Protein chains: 2
Amino acid sequence: MFDRATIVGVGLIGGSLGMALRARGVAREVVGVTRAEASIVSARAARAIDRGTVDPAAGVAGADLVVLAVPPDQVVPMARRVAPHLQPGALLTDVASVKAEIVESIEALLRPESGPAFVGGHPMAGNERQGVAAASPDLFEGTAYLMTPTPRTPRGSVERLAGLARALGAIPLEVEPAEHDRMVALVSHLPYLVAAALMGTAGAAGPAAGPSLLGATRVAGSPVAMWAQICRLNREPILDALRAFRKELERLETAIADGDRLDALLEAARRARLRLGGAPSKGPDKG
Amino acid sequence: MFDRATIVGVGLIGGSLGMALRARGVAREVVGVTRAEASIVSARAARAIDRGTVDPAAGVAGADLVVLAVPPDQVVPMARRVAPHLQPGALLTDVASVKAEIVESIEALLRPESGPAFVGGHPMAGNERQGVAAASPDLFEGTAYLMTPTPRTPRGSVERLAGLARALGAIPLEVEPAEHDRMVALVSHLPYLVAAALMGTAGAAGPAAGPSLLGATRVAGSPVAMWAQICRLNREPILDALRAFRKELERLETAIADGDRLDALLEAARRARLRLGGAPSKGPDKG
């Protein structure tokens, strides 16, 4: 599918992507761009890349797929840095969980009609760990792979990214960039902030933590730097989501205080959760 | 450790308890009390009980351990029903996640100095499923087993319940009943209500649900009846917990809006979560 895939940033997502591209024969060669020489050694040892470099310009030369898997606030600076070195037919994509600003900035950098094309990407995979040591070639299996093309994006490039997503075992879904940001504010950024607030409230009662607290707050243990960036890059949709959530919470609070309508509210939540799917836990989540 | 253990209510917790008592040789015989004859057949087939009855009075006769594993609002009525039939040295306990009202009511029923003794119990185990089909003899392994004795509770009975908890692989912890209710409002009831509110807010964006939403809301899929009872039985501590949580959420909201102190708040939550422990997920929680 690809001759040379270059992954800039070989952490949890970038490393898992490299492993999957290699293990599934999606790319003939996987090149990793890291910040330090030592990271090349560990990325190779983890079978995430074939070879590596600390020079982004050299790394993307000759690549027909370039994935920017750097932290969200570094995507645009990195795109600016590698853009002059991309080959004309290359597909450029990223994996950041915030899209509107990134897509707009990178589209302004590239001229899709006459060179490499950018398609915003956001694989909805990951866990609370980080680094290539936590990477897995199966990370994307069965997950949604959100793609955020714009009217300027060549359809052929969207199809190539969809093909990549399918080759990883993921399900490609298209969504408009601003709509994407509103949606992930609800399904990803809000749950993280709620987990952080739960820790602030219930963390001190730790020794008696039950399965629901452990399950609900696991994501609060993930590295702060990326989430703080996300909160800055996606501020308005996140604030909207927090307001909507607080209203929902106040409805429950009133229902509990009044002893009224509570069962109906909880039942609606239960049905929504069952529709959402996801495997039930196999046993107690003892964390 | 026990000659005859009677479990009243053979669902997820009662069934798991029966399986564990039998598999670990903690009781010579396990008797199940169910509401329907058909439940006796399935409980026996699941190896949760040796024999069963639909008559609580007959079920507890001759038992030296009686565990009331019925829904929270049925614990006191069931205790009232079986009390006259308990043998003098019997240990009576329950598994409800709300304790103050239950403990007070049952202590008023029994006279510990001259007959069976009651010790409130709350194994912090379970998952979002229900019924003996979801039961497992390892459900309690490594979990906290909260015990809520009062100054009236004979110490020997507390020790017997602690021994039972240890035999199940759980860690016995003593806590005063009202303190218990405040604590579980924070670590168990609040996470459930937050999960329900998250579903109310983000449920419609289901197709793109990421691992943190799935993990944070799993408990919202559990049967409503028990949670609605808990909200009624533990109303004030739960309302206090909801208020504390909303304050915490407002702090985060302000920090995001002002772009100030956010990293410090998130980092404090992360450290609290890491202190809480619990195994990191082995890979992506694709739900």
# chains A, B, ... in the order shown; residues from 1 in each chain; ligands from 1
call {"tool": "residues_around", "arguments": {"residues": "segment 208-217 of chain B", "least_positions_apart": "2", "cutoff": "8 Å", "atoms": "only C-alpha atoms", "output": "ChimeraX atom specification"}}
result
/A:124-127,143-144,183-184,187-188,191-192,195,212,215-219,273,276,278 /B:192,195-196,198-199,205-206,219-221,284-287
call {"tool": "select_by_dssp", "arguments": {"residues": "segment 66-285 of chain B", "states": "helix (DSSP H, G or I)", "output": "PyMOL selection string"}}
result
chain B and resi 72-85+100-109+112-114+132-134+155-167+177-208+211-221+224-233+235-258+262-276
call {"tool": "residues_around", "arguments": {"residues": "Glu248 of chain B", "least_positions_apart": "6", "cutoff": "7 Å", "atoms": "only C-alpha atoms", "output": "ChimeraX atom specification"}}
result
/A:197,200-201
call {"tool": "closest_residue", "arguments": {"among": "B:Met1, B:Ala241, B:Leu68, B:Ala178", "to": "Thr34 of chain B", "atoms": "only C-alpha atoms"}}
result
B:Leu68
call {"tool": "residues_around", "arguments": {"residues": "Ala162 of chain A", "least_positions_apart": "3", "cutoff": "10 Å", "atoms": "only C-alpha atoms", "output": "PyMOL selection string"}}
result
chain A and resi 121+145-147+156-159+165-168+170-174
call {"tool": "write_last_selection", "arguments": {"atoms": "C-alpha atoms", "output": "tab-separated table (two decimals), in the first residue's frame"}}
result
chain	number	residue	atom	x	y	z
A	121	GLY	CA	-6.61	11.95	11.20
A	145	TYR	CA	-10.38	6.20	12.91
A	146	LEU	CA	-11.73	9.72	12.47
A	147	MET	CA	-10.75	11.57	9.29
A	156	GLY	CA	-8.14	10.26	-3.51
A	157	SER	CA	-6.14	11.21	-0.41
A	158	VAL	CA	-9.12	10.62	1.85
A	159	GLU	CA	-9.52	7.18	0.28
A	165	ALA	CA	-7.20	2.83	8.70
A	166	ARG	CA	-8.79	-0.39	7.41
A	167	ALA	CA	-5.38	-2.02	7.07
A	168	LEU	CA	-4.80	-1.26	10.77
A	170	ALA	CA	-9.80	0.28	12.40
A	171	ILE	CA	-13.06	1.72	11.08
A	172	PRO	CA	-12.61	4.94	9.05
A	173	LEU	CA	-15.20	7.64	9.73
A	174	GLU	CA	-15.36	11.08	8.09
